[in-house]
file coords_11.tsv (TSV, C-alpha atoms)
chain	number	residue	atom	x	y	z
A	1	MET	CA	-6.16	7.58	-24.84
A	2	THR	CA	-8.68	5.09	-23.52
A	3	ASP	CA	-9.79	4.22	-20.03
A	4	SER	CA	-10.59	1.05	-18.12
A	5	LEU	CA	-12.82	1.89	-15.19
A	6	ASP	CA	-13.42	-1.65	-14.01
A	7	THR	CA	-14.24	-1.01	-10.36
A	8	PRO	CA	-15.87	1.53	-8.08
A	9	GLN	CA	-13.64	4.41	-7.03
A	10	ALA	CA	-10.75	3.03	-5.02
A	11	PRO	CA	-10.35	4.01	-1.38
A	12	ALA	CA	-7.55	6.30	-0.27
A	13	PRO	CA	-4.06	4.78	-0.63
A	14	ASP	CA	-3.61	4.25	3.11
A	15	GLU	CA	-6.94	2.40	3.26
A	16	ARG	CA	-6.38	0.11	0.29
A	17	PRO	CA	-5.74	-3.53	1.21
A	18	ARG	CA	-2.31	-4.98	0.54
A	19	HIS	CA	-1.94	-8.07	-1.61
A	20	THR	CA	0.08	-11.10	-0.63
A	21	PRO	CA	2.96	-11.66	-3.06
A	22	GLY	CA	2.38	-14.70	-5.23
A	23	VAL	CA	-1.36	-14.87	-4.49
A	24	SER	CA	-3.71	-14.14	-7.38
A	25	ILE	CA	-5.99	-11.18	-6.70
A	26	ARG	CA	-8.53	-12.70	-9.07
A	27	HIS	CA	-9.32	-15.40	-6.49
A	28	THR	CA	-8.95	-13.40	-3.26
A	29	ARG	CA	-10.58	-10.06	-4.19
A	30	ALA	CA	-13.79	-9.32	-2.31
A	31	LYS	CA	-16.66	-7.49	-3.95
A	32	GLY	CA	-15.96	-3.76	-4.11
A	33	GLU	CA	-12.19	-4.08	-3.66
A	34	PRO	CA	-9.90	-2.75	-6.41
A	35	ARG	CA	-8.49	-5.26	-8.87
A	36	PHE	CA	-4.92	-4.23	-8.10
A	37	PRO	CA	-4.65	-2.92	-4.52
A	38	ASP	CA	-1.09	-1.71	-5.08
A	39	GLY	CA	-1.67	-0.75	-8.72
A	40	PRO	CA	-3.28	2.06	-10.71
A	41	ARG	CA	-6.41	3.57	-9.21
A	42	ALA	CA	-9.66	3.75	-11.17
A	43	ASP	CA	-10.02	7.53	-10.78
A	44	PRO	CA	-6.87	8.97	-9.21
A	45	ALA	CA	-7.90	12.63	-9.42
A	46	GLY	CA	-11.38	11.90	-8.08
A	47	SER	CA	-13.55	14.99	-7.72
A	48	HIS	CA	-10.68	17.36	-6.96
A	49	PHE	CA	-10.84	18.98	-10.40
A	50	GLU	CA	-13.45	20.45	-12.70
A	51	ARG	CA	-15.55	18.33	-14.98
A	52	ARG	CA	-14.68	19.07	-18.59
A	53	ILE	CA	-14.66	17.54	-22.04
A	54	ARG	CA	-11.89	14.96	-22.22
A	55	SER	CA	-10.04	13.48	-25.15
A	56	PHE	CA	-10.41	9.91	-23.92
A	57	GLN	CA	-13.31	7.67	-22.99
A	58	PRO	CA	-13.57	4.74	-20.57
A	59	ARG	CA	-13.73	1.18	-21.85
A	60	ARG	CA	-13.42	-2.22	-20.27
A	61	SER	CA	-10.86	-4.78	-21.36
A	62	ARG	CA	-9.47	-8.03	-20.02
A	63	VAL	CA	-6.13	-7.97	-18.21
A	64	THR	CA	-3.97	-11.00	-18.92
A	65	ALA	CA	-2.14	-12.91	-16.21
A	66	GLY	CA	1.20	-11.48	-17.34
A	67	GLN	CA	-0.12	-7.93	-17.30
A	68	ALA	CA	-1.68	-8.43	-13.88
A	69	ASP	CA	1.57	-9.83	-12.51
A	70	ALA	CA	3.51	-6.83	-13.86
A	71	LEU	CA	1.02	-4.39	-12.32
A	72	GLN	CA	1.31	-6.07	-8.93
A	73	ARG	CA	5.10	-6.28	-9.00
A	74	LEU	CA	6.17	-3.13	-10.80
A	75	TRP	CA	3.49	-0.48	-10.31
A	76	PRO	CA	4.75	0.46	-6.80
A	77	LYS	CA	8.22	0.95	-8.33
A	78	TRP	CA	7.53	2.44	-11.76
A	79	GLY	CA	3.89	3.55	-11.64
A	80	LEU	CA	2.36	6.94	-10.89
A	81	ASP	CA	-1.27	7.92	-10.28
A	82	ILE	CA	-2.17	11.36	-11.64
A	83	ASP	CA	-3.95	12.78	-8.60
A	84	GLY	CA	-3.04	16.43	-9.19
A	85	GLN	CA	-2.03	16.88	-5.56
A	86	ARG	CA	1.70	17.55	-5.91
A	87	VAL	CA	4.42	18.67	-8.29
A	88	ILE	CA	6.60	15.78	-9.38
A	89	ASP	CA	10.35	15.93	-8.96
A	90	LEU	CA	11.35	14.20	-12.20
A	91	THR	CA	14.94	13.73	-11.05
A	92	GLU	CA	13.68	11.86	-8.01
A	93	LEU	CA	11.10	9.93	-10.06
A	94	PHE	CA	13.69	8.56	-12.51
A	95	GLY	CA	16.72	8.63	-10.23
A	96	ASN	CA	18.81	10.66	-12.68
A	97	THR	CA	19.00	14.00	-14.48
A	98	HIS	CA	18.49	12.66	-18.01
A	99	PRO	CA	16.07	14.53	-20.29
A	100	VAL	CA	12.41	13.56	-19.91
A	101	VAL	CA	9.95	13.07	-22.76
A	102	LEU	CA	6.22	12.87	-22.08
A	103	GLU	CA	4.28	10.38	-24.18
A	104	ILE	CA	0.49	10.65	-24.12
A	105	GLY	CA	-1.47	7.56	-25.11
A	106	PHE	CA	0.90	4.61	-25.55
A	107	GLY	CA	-1.58	1.85	-26.38
A	108	MET	CA	-0.05	-1.50	-25.48
A	109	GLY	CA	3.39	0.04	-25.03
A	110	GLU	CA	5.42	-1.81	-27.68
A	111	ALA	CA	6.59	1.38	-29.40
A	112	THR	CA	7.35	3.04	-26.05
A	113	ALA	CA	9.44	0.10	-24.92
A	114	GLY	CA	11.27	0.04	-28.25
A	115	MET	CA	12.15	3.74	-28.04
A	116	ALA	CA	13.24	3.39	-24.41
A	117	ALA	CA	15.53	0.50	-25.28
A	118	ALA	CA	17.04	2.36	-28.23
A	119	ASP	CA	17.72	5.52	-26.20
A	120	PRO	CA	18.49	4.60	-22.57
A	121	ASP	CA	19.74	8.12	-21.80
A	122	THR	CA	16.26	9.58	-22.36
A	123	ASN	CA	13.58	9.08	-19.74
A	124	ILE	CA	10.02	8.44	-20.93
A	125	LEU	CA	7.03	9.39	-18.81
A	126	ALA	CA	4.26	7.45	-20.53
A	127	VAL	CA	0.62	8.33	-19.79
A	128	ASP	CA	-2.49	6.26	-20.45
A	129	VAL	CA	-5.63	5.11	-18.68
A	130	HIS	CA	-5.97	1.65	-20.25
A	131	THR	CA	-5.11	-0.92	-17.59
A	132	PRO	CA	-4.03	-3.75	-19.94
A	133	GLY	CA	-1.70	-1.35	-21.75
A	134	GLN	CA	-0.21	-0.17	-18.48
A	135	GLY	CA	0.41	-3.75	-17.43
A	136	ASN	CA	1.85	-4.67	-20.82
A	137	LEU	CA	4.30	-1.76	-20.84
A	138	LEU	CA	5.42	-2.55	-17.31
A	139	ASN	CA	5.85	-6.19	-18.33
A	140	LEU	CA	7.99	-5.19	-21.33
A	141	ALA	CA	10.03	-2.76	-19.26
A	142	GLY	CA	10.65	-5.32	-16.55
A	143	HIS	CA	11.56	-8.06	-19.00
A	144	ASP	CA	14.01	-5.84	-20.88
A	145	GLY	CA	15.35	-3.97	-17.82
A	146	LEU	CA	14.14	-0.59	-19.07
A	147	THR	CA	14.72	1.60	-16.04
A	148	ASN	CA	14.07	4.78	-18.06
A	149	VAL	CA	10.29	4.22	-18.28
A	150	ARG	CA	7.65	5.41	-15.83
A	151	VAL	CA	3.95	4.72	-16.37
A	152	ALA	CA	1.43	7.39	-15.35
A	153	ASN	CA	-2.27	6.65	-14.91
A	154	GLY	CA	-4.88	9.33	-15.45
A	155	ASP	CA	-5.61	12.57	-17.27
A	156	ALA	CA	-2.59	14.03	-19.08
A	157	VAL	CA	-4.03	17.55	-18.82
A	158	ILE	CA	-4.07	17.33	-15.01
A	159	LEU	CA	-0.52	15.95	-15.11
A	160	LEU	CA	0.70	18.86	-17.23
A	161	ARG	CA	-1.21	21.56	-15.42
A	162	GLU	CA	-0.87	20.47	-11.80
A	163	MET	CA	2.07	18.07	-11.48
A	164	LEU	CA	4.85	19.19	-13.82
A	165	ALA	CA	7.06	22.23	-13.31
A	166	PRO	CA	7.66	24.85	-16.03
A	167	ASP	CA	10.39	23.92	-18.51
A	168	SER	CA	10.64	20.40	-17.05
A	169	LEU	CA	10.09	18.43	-20.27
A	170	ASP	CA	12.43	17.88	-23.21
A	171	GLY	CA	9.81	16.51	-25.56
A	172	LEU	CA	6.17	15.56	-26.11
A	173	ARG	CA	4.96	12.57	-28.14
A	174	VAL	CA	1.36	11.98	-29.17
A	175	TYR	CA	1.10	8.96	-31.44
A	176	PHE	CA	-2.22	7.93	-32.98
A	177	PRO	CA	-4.58	9.72	-30.60
A	178	ASP	CA	-8.30	9.12	-30.88
A	179	PRO	CA	-9.31	11.08	-34.03
A	180	TRP	CA	-12.90	11.57	-32.90
A	181	PRO	CA	-13.99	11.53	-36.55
A	182	LYS	CA	-17.55	12.83	-36.13
A	183	LYS	CA	-17.76	16.59	-36.47
A	184	ARG	CA	-19.71	17.02	-33.24
A	185	HIS	CA	-16.86	15.25	-31.41
A	186	HIS	CA	-14.00	17.33	-32.82
A	187	LYS	CA	-13.95	19.34	-29.58
A	188	ARG	CA	-12.70	16.17	-27.88
A	189	ARG	CA	-9.52	16.01	-29.94
A	190	LEU	CA	-6.40	16.44	-27.84
A	191	ILE	CA	-4.40	18.70	-30.16
A	192	GLN	CA	-6.13	22.03	-29.65
A	193	PRO	CA	-4.70	25.56	-29.12
A	194	GLU	CA	-5.39	25.53	-25.37
A	195	PHE	CA	-3.66	22.18	-24.90
A	196	LEU	CA	-0.62	23.34	-26.87
A	197	THR	CA	-0.34	26.48	-24.73
A	198	LEU	CA	-0.38	24.32	-21.61
A	199	ALA	CA	2.21	21.95	-23.05
A	200	ALA	CA	4.43	24.84	-24.12
A	201	ALA	CA	4.58	26.06	-20.52
A	202	ARG	CA	6.13	22.73	-19.49
A	203	LEU	CA	8.50	22.28	-22.45
A	204	ARG	CA	12.02	23.65	-22.52
A	205	PRO	CA	12.99	25.84	-25.48
A	206	GLY	CA	14.06	23.59	-28.33
A	207	ALA	CA	11.95	20.65	-27.13
A	208	LEU	CA	10.22	18.69	-29.88
A	209	VAL	CA	6.52	17.98	-30.15
A	210	HIS	CA	6.05	14.87	-32.30
A	211	CYS	CA	2.56	13.79	-33.37
A	212	ALA	CA	1.50	11.00	-35.71
A	213	THR	CA	-1.91	9.95	-37.00
A	214	ASP	CA	-3.40	7.81	-39.75
A	215	TRP	CA	-6.57	9.93	-39.87
A	216	GLU	CA	-5.85	12.49	-42.59
A	217	PRO	CA	-8.46	15.10	-41.58
A	218	TYR	CA	-7.02	15.11	-38.06
A	219	ALA	CA	-3.50	15.36	-39.46
A	220	GLU	CA	-4.53	18.48	-41.39
A	221	GLN	CA	-6.09	19.98	-38.26
A	222	MET	CA	-2.95	19.20	-36.23
A	223	LEU	CA	-0.82	20.89	-38.86
A	224	ASP	CA	-3.04	23.97	-38.91
A	225	VAL	CA	-3.20	24.29	-35.12
A	226	LEU	CA	0.53	23.75	-34.56
A	227	THR	CA	1.48	26.09	-37.39
A	228	ALA	CA	-0.72	28.86	-36.01
A	229	HIS	CA	0.54	28.52	-32.45
A	230	PRO	CA	3.17	31.14	-31.54
A	231	ASP	CA	5.06	28.80	-29.18
A	232	PHE	CA	5.99	26.30	-31.88
A	233	GLU	CA	7.71	26.19	-35.25
A	234	ASN	CA	7.70	23.45	-37.86
A	235	THR	CA	10.98	21.60	-38.27
A	236	ARG	CA	10.12	21.13	-41.95
A	237	PRO	CA	11.31	24.06	-44.09
A	238	ASP	CA	8.36	23.54	-46.41
A	239	GLY	CA	5.93	23.80	-43.50
A	240	GLY	CA	4.43	20.38	-44.14
A	241	PHE	CA	4.44	16.89	-42.72
A	242	ALA	CA	7.66	15.11	-41.75
A	243	PRO	CA	8.73	11.65	-42.87
A	244	ARG	CA	8.52	9.03	-40.13
A	245	PRO	CA	11.76	9.35	-38.13
A	246	GLY	CA	13.77	6.23	-37.49
A	247	PHE	CA	13.31	6.48	-33.74
A	248	ARG	CA	9.52	5.99	-33.95
A	249	PRO	CA	8.95	2.24	-34.35
A	250	LEU	CA	6.41	0.91	-36.80
A	251	THR	CA	3.70	-0.61	-34.61
A	252	ARG	CA	1.27	-3.40	-35.40
A	253	PHE	CA	-1.55	-0.87	-35.28
A	254	GLU	CA	0.22	1.28	-37.86
A	255	GLU	CA	1.02	-1.71	-40.08
A	256	GLN	CA	-2.64	-2.72	-40.06
A	257	GLY	CA	-3.61	0.79	-41.10
A	258	LEU	CA	-1.06	0.86	-43.89
A	259	ASP	CA	-2.36	-2.49	-45.13
A	260	LYS	CA	-5.80	-0.90	-45.36
A	261	GLY	CA	-4.43	1.99	-47.41
A	262	HIS	CA	-4.28	4.54	-44.60
A	263	VAL	CA	-1.80	7.40	-44.96
A	264	VAL	CA	0.25	8.02	-41.83
A	265	ASN	CA	1.41	11.59	-41.26
A	266	ASP	CA	4.09	12.70	-38.78
A	267	LEU	CA	4.39	16.25	-37.50
A	268	ILE	CA	7.52	17.44	-35.71
A	269	PHE	CA	7.47	20.95	-34.24
A	270	ARG	CA	9.98	22.72	-32.01
A	271	ARG	CA	9.29	24.81	-28.91
A	272	VAL	CA	10.55	28.29	-29.72
A	273	PRO	CA	12.74	30.19	-27.22
A	274	HIS	CA	10.78	32.09	-24.61
A	275	GLY	CA	12.21	35.41	-25.76
A	276	ASP	CA	10.53	35.01	-29.13
A	277	ARG	CA	7.11	35.85	-27.71
A	278	ALA	CA	5.48	37.64	-24.80
A	279	PRO	CA	4.99	35.65	-21.59
A	280	HIS	CA	1.56	34.26	-20.79
A	281	GLU	CA	-0.23	32.75	-17.84
A	282	ASP	CA	-0.82	29.03	-17.53
A	283	PRO	CA	-3.93	28.10	-19.50
A	284	GLN	CA	-7.01	26.30	-18.29
A	285	PRO	CA	-7.97	23.82	-21.05
A	286	GLN	CA	-11.68	23.17	-21.32
call {"tool": "encode", "arguments": {"input": "coords_11.tsv", "output": "structure tokens"}}
result
Amino acid sequence: MTDSLDTPQAPAPDERPRHTPGVSIRHTRAKGEPRFPDGPRADPAGSHFERRIRSFQPRRSRVTAGQADALQRLWPKWGLDIDGQRVIDLTELFGNTHPVVLEIGFGMGEATAGMAAADPDTNILAVDVHTPGQGNLLNLAGHDGLTNVRVANGDAVILLREMLAPDSLDGLRVYFPDPWPKKRHHKRRLIQPEFLTLAAARLRPGALVHCATDWEPYAEQMLDVLTAHPDFENTRPDGGFAPRPGFRPLTRFEEQGLDKGHVVNDLIFRRVPHGDRAPHEDPQPQ
């Protein structure tokens, strides 16, 4: 995932100014005010939680007019700041009891929107910290009437650890995470044993963990870590990589990588039943 910390830390929600519908914030925003008063906050968890190595890094990027409009209109309805202050009722969040899949790092959201449209009976809780991507996914969802998408802003680890109940998820998707290619940065990679233990505590038995990457050394590490973890089993009888399933759309990013000769590897593992291993306490990823 990537971040877009464009402004100083936003004030508390009840102190944030309200925007006037139809008026561009770009022309009315005073210095120090958030770009999107009713939209995603720059640092929703603030200083409530420990400082630790994260798998994403902040970066600035321009928000288009269409993305800004979607953030202003749809964030109050379909957006969620990861503040770590409450446990989410997913039935209330989506307005139904359909299964919920967590997607971490959705980029610009085209693949997420495509999967949501193809499977309207599955809810997708999509997490990222990149403001243009959040706006783009909301724009796609609004245009196509995708009521089974919710966009979460912030740290996925805090979301899993503090805001989701045990056994509340029916799947986890991590597509093309930052590979952190330099050896000294490998500790920043998301797919680590501690993260998988945390995710397992929120996944129902039988839930699928689906990862994809075009960075072969990271793919090998993912395969090793998932294979060694007692909470998961490979859906491939040969214990290797899976072919790209039809439900994962081919994105522009992936096509560009394939054009450059990159090899894309998919991994699909299943959460084993709880009775297959001894219970454990919730982890504290570092």
call {"tool": "residues_around", "arguments": {"input": "coords_11.tsv", "residues": "Asp170 in chain A", "least_positions_apart": "2", "cutoff": "7 Å", "atoms": "all atoms listed in the file", "output": "list in words"}}
result
Pro99, Val100, Val101, Ser168, Leu203, Arg204 and Ala207 of chain A
call {"tool": "closest_residue", "arguments": {"input": "coords_11.tsv", "among": "A:Ala118, A:Val174, A:Val157, A:Val263", "to": "His210 in chain A", "atoms": "only C-alpha atoms"}}
result
A:Val174
call {"tool": "closest_residue", "arguments": {"input": "coords_11.tsv", "among": "A:Arg41, A:His229, A:Arg271, A:His143", "to": "Val129 in chain A", "atoms": "only C-alpha atoms"}}
result
A:Arg41
call {"tool": "closest_residue", "arguments": {"input": "coords_11.tsv", "among": "A:His186, A:Lys77, A:Arg244, A:His98", "to": "Thr213 in chain A", "atoms": "only C-alpha atoms"}}
result
A:Arg244
call {"tool": "residues_around", "arguments": {"input": "coords_11.tsv", "residues": "Gly84 in chain A", "least_positions_apart": "4", "cutoff": "10 Å", "atoms": "all atoms listed in the file", "output": "compact mmCIF listing (two decimals) with C-alpha atoms, keeping the file's coordinate frame"}}
result
# COMPACT_ATOMS: atom_id res chain seq x y z
CA PRO A 44 -6.87 8.97 -9.21
CA ALA A 45 -7.90 12.63 -9.42
CA GLY A 46 -11.38 11.90 -8.08
CA HIS A 48 -10.68 17.36 -6.96
CA PHE A 49 -10.84 18.98 -10.40
CA ILE A 88 6.60 15.78 -9.38
CA GLY A 154 -4.88 9.33 -15.45
CA ASP A 155 -5.61 12.57 -17.27
CA VAL A 157 -4.03 17.55 -18.82
CA ILE A 158 -4.07 17.33 -15.01
CA LEU A 159 -0.52 15.95 -15.11
CA LEU A 160 0.70 18.86 -17.23
CA ARG A 161 -1.21 21.56 -15.42
CA GLU A 162 -0.87 20.47 -11.80
CA MET A 163 2.07 18.07 -11.48
CA LEU A 164 4.85 19.19 -13.82
call {"tool": "closest_residue", "arguments": {"input": "coords_11.tsv", "among": "A:Trp78, A:Phe94, A:Phe253, A:Tyr175", "to": "Leu190 in chain A", "atoms": "all atoms listed in the file"}}
result
A:Tyr175
call {"tool": "atom_distance", "arguments": {"input": "coords_11.tsv", "atom1": "CA of Asp144 in chain A", "atom2": "CA of Leu80 in chain A"}}
result
20.0 Å
call {"tool": "residues_around", "arguments": {"input": "coords_11.tsv", "residues": "Asn136 in chain A", "least_positions_apart": "5", "cutoff": "7 Å", "atoms": "only C-alpha atoms", "output": "ChimeraX atom specification"}}
result
/A:67,108-109
call {"tool": "residues_around", "arguments": {"input": "coords_11.tsv", "residues": "Leu71 in chain A", "least_positions_apart": "6", "cutoff": "10 Å", "atoms": "only C-alpha atoms", "output": "ChimeraX atom specification"}}
result
/A:36-40,63,65,77-79,131-132,134-139
call {"tool": "residues_around", "arguments": {"input": "coords_11.tsv", "residues": "Arg236 in chain A", "least_positions_apart": "5", "cutoff": "12 Å", "atoms": "all atoms listed in the file", "output": "list in words"}}
result
Leu223, Thr227, Phe241, Ala242, Pro243, Asp266, Leu267, Ile268, Phe269 and Arg270 of chain A
call {"tool": "closest_residue", "arguments": {"input": "coords_11.tsv", "among": "A:Gln221, A:Thr97, A:Gln192, A:Thr147", "to": "Leu169 in chain A", "atoms": "all atoms listed in the file"}}
result
A:Thr97
call {"tool": "closest_residue", "arguments": {"input": "coords_11.tsv", "among": "A:Ala165, A:Ala212, A:Leu146, A:Ala156", "to": "Pro177 in chain A", "atoms": "only C-alpha atoms"}}
result
A:Ala212
call {"tool": "decode", "arguments": {"input": "coords_11.tsv", "residues": "range 138-149 of chain A", "atoms": "all heavy atoms", "output": "mmCIF file, in the first residue's frame"}}
result
data_model
loop_
_atom_site.group_PDB
_atom_site.id
_atom_site.type_symbol
_atom_site.label_atom_id
_atom_site.label_comp_id
_atom_site.auth_asym_id
_atom_site.auth_seq_id
_atom_site.Cartn_x
_atom_site.Cartn_y
_atom_site.Cartn_z
ATOM 1 N N LEU A 138 -14.167 4.829 -5.312
ATOM 2 C CA LEU A 138 -15.503 5.336 -4.992
ATOM 3 C C LEU A 138 -16.215 5.826 -6.250
ATOM 4 O O LEU A 138 -17.425 5.620 -6.408
ATOM 5 C CB LEU A 138 -15.398 6.462 -3.971
ATOM 6 C CG LEU A 138 -15.073 6.047 -2.538
ATOM 7 C CD1 LEU A 138 -14.798 7.277 -1.683
ATOM 8 C CD2 LEU A 138 -16.202 5.222 -1.928
ATOM 9 N N ASN A 139 -15.469 6.457 -7.139
ATOM 10 C CA ASN A 139 -16.055 6.939 -8.389
ATOM 11 C C ASN A 139 -16.560 5.776 -9.231
ATOM 12 O O ASN A 139 -17.674 5.818 -9.782
ATOM 13 C CB ASN A 139 -15.014 7.745 -9.162
ATOM 14 C CG ASN A 139 -15.610 8.557 -10.295
ATOM 15 O OD1 ASN A 139 -16.761 8.979 -10.231
ATOM 16 N ND2 ASN A 139 -14.832 8.781 -11.340
ATOM 17 N N LEU A 140 -15.749 4.713 -9.342
ATOM 18 C CA LEU A 140 -16.166 3.526 -10.092
ATOM 19 C C LEU A 140 -17.378 2.866 -9.446
ATOM 20 O O LEU A 140 -18.326 2.469 -10.132
ATOM 21 C CB LEU A 140 -15.004 2.530 -10.164
ATOM 22 C CG LEU A 140 -13.784 2.950 -10.995
ATOM 23 C CD1 LEU A 140 -12.635 1.970 -10.766
ATOM 24 C CD2 LEU A 140 -14.135 3.011 -12.474
ATOM 25 N N ALA A 141 -17.353 2.744 -8.131
ATOM 26 C CA ALA A 141 -18.463 2.108 -7.424
ATOM 27 C C ALA A 141 -19.747 2.905 -7.584
ATOM 28 O O ALA A 141 -20.827 2.336 -7.807
ATOM 29 C CB ALA A 141 -18.115 1.949 -5.943
ATOM 30 N N GLY A 142 -19.640 4.222 -7.487
ATOM 31 C CA GLY A 142 -20.827 5.047 -7.650
ATOM 32 C C GLY A 142 -21.376 5.001 -9.062
ATOM 33 O O GLY A 142 -22.588 4.903 -9.270
ATOM 34 N N HIS A 143 -20.483 5.038 -10.039
ATOM 35 C CA HIS A 143 -20.906 5.013 -11.439
ATOM 36 C C HIS A 143 -21.600 3.707 -11.786
ATOM 37 O O HIS A 143 -22.597 3.681 -12.521
ATOM 38 C CB HIS A 143 -19.700 5.227 -12.347
ATOM 39 C CG HIS A 143 -20.024 5.230 -13.811
ATOM 40 N ND1 HIS A 143 -20.011 4.072 -14.577
ATOM 41 C CD2 HIS A 143 -20.386 6.238 -14.654
ATOM 42 C CE1 HIS A 143 -20.343 4.379 -15.810
ATOM 43 N NE2 HIS A 143 -20.567 5.679 -15.896
ATOM 44 N N ASP A 144 -21.077 2.591 -11.255
ATOM 45 C CA ASP A 144 -21.612 1.273 -11.587
ATOM 46 C C ASP A 144 -22.622 0.756 -10.566
ATOM 47 O O ASP A 144 -23.098 -0.376 -10.696
ATOM 48 C CB ASP A 144 -20.457 0.263 -11.706
ATOM 49 C CG ASP A 144 -19.517 0.600 -12.854
ATOM 50 O OD1 ASP A 144 -19.952 1.290 -13.801
ATOM 51 O OD2 ASP A 144 -18.341 0.184 -12.797
ATOM 52 N N GLY A 145 -22.938 1.548 -9.543
ATOM 53 C CA GLY A 145 -23.907 1.131 -8.537
ATOM 54 C C GLY A 145 -23.450 -0.062 -7.712
ATOM 55 O O GLY A 145 -24.259 -0.935 -7.384
ATOM 56 N N LEU A 146 -22.167 -0.088 -7.364
ATOM 57 C CA LEU A 146 -21.609 -1.225 -6.625
ATOM 58 C C LEU A 146 -21.782 -0.998 -5.130
ATOM 59 O O LEU A 146 -20.910 -0.448 -4.453
ATOM 60 C CB LEU A 146 -20.128 -1.395 -6.973
ATOM 61 C CG LEU A 146 -19.805 -1.554 -8.459
ATOM 62 C CD1 LEU A 146 -18.301 -1.637 -8.674
ATOM 63 C CD2 LEU A 146 -20.496 -2.801 -9.021
ATOM 64 N N THR A 147 -22.897 -1.435 -4.609
ATOM 65 C CA THR A 147 -23.187 -1.216 -3.193
ATOM 66 C C THR A 147 -22.479 -2.219 -2.286
ATOM 67 O O THR A 147 -22.612 -2.133 -1.061
ATOM 68 C CB THR A 147 -24.704 -1.310 -2.945
ATOM 69 O OG1 THR A 147 -25.175 -2.610 -3.329
ATOM 70 C CG2 THR A 147 -25.448 -0.245 -3.743
ATOM 71 N N ASN A 148 -21.723 -3.147 -2.852
ATOM 72 C CA ASN A 148 -21.019 -4.154 -2.053
ATOM 73 C C ASN A 148 -19.546 -3.797 -1.840
ATOM 74 O O ASN A 148 -18.738 -4.661 -1.511
ATOM 75 C CB ASN A 148 -21.122 -5.539 -2.703
ATOM 76 C CG ASN A 148 -20.588 -5.582 -4.123
ATOM 77 O OD1 ASN A 148 -20.625 -4.588 -4.838
ATOM 78 N ND2 ASN A 148 -20.108 -6.745 -4.546
ATOM 79 N N VAL A 149 -19.189 -2.522 -1.991
ATOM 80 C CA VAL A 149 -17.821 -2.062 -1.778
ATOM 81 C C VAL A 149 -17.807 -1.021 -0.671
ATOM 82 O O VAL A 149 -18.623 -0.088 -0.667
ATOM 83 C CB VAL A 149 -17.218 -1.449 -3.058
ATOM 84 C CG1 VAL A 149 -15.840 -0.849 -2.764
ATOM 85 C CG2 VAL A 149 -17.105 -2.484 -4.160
#
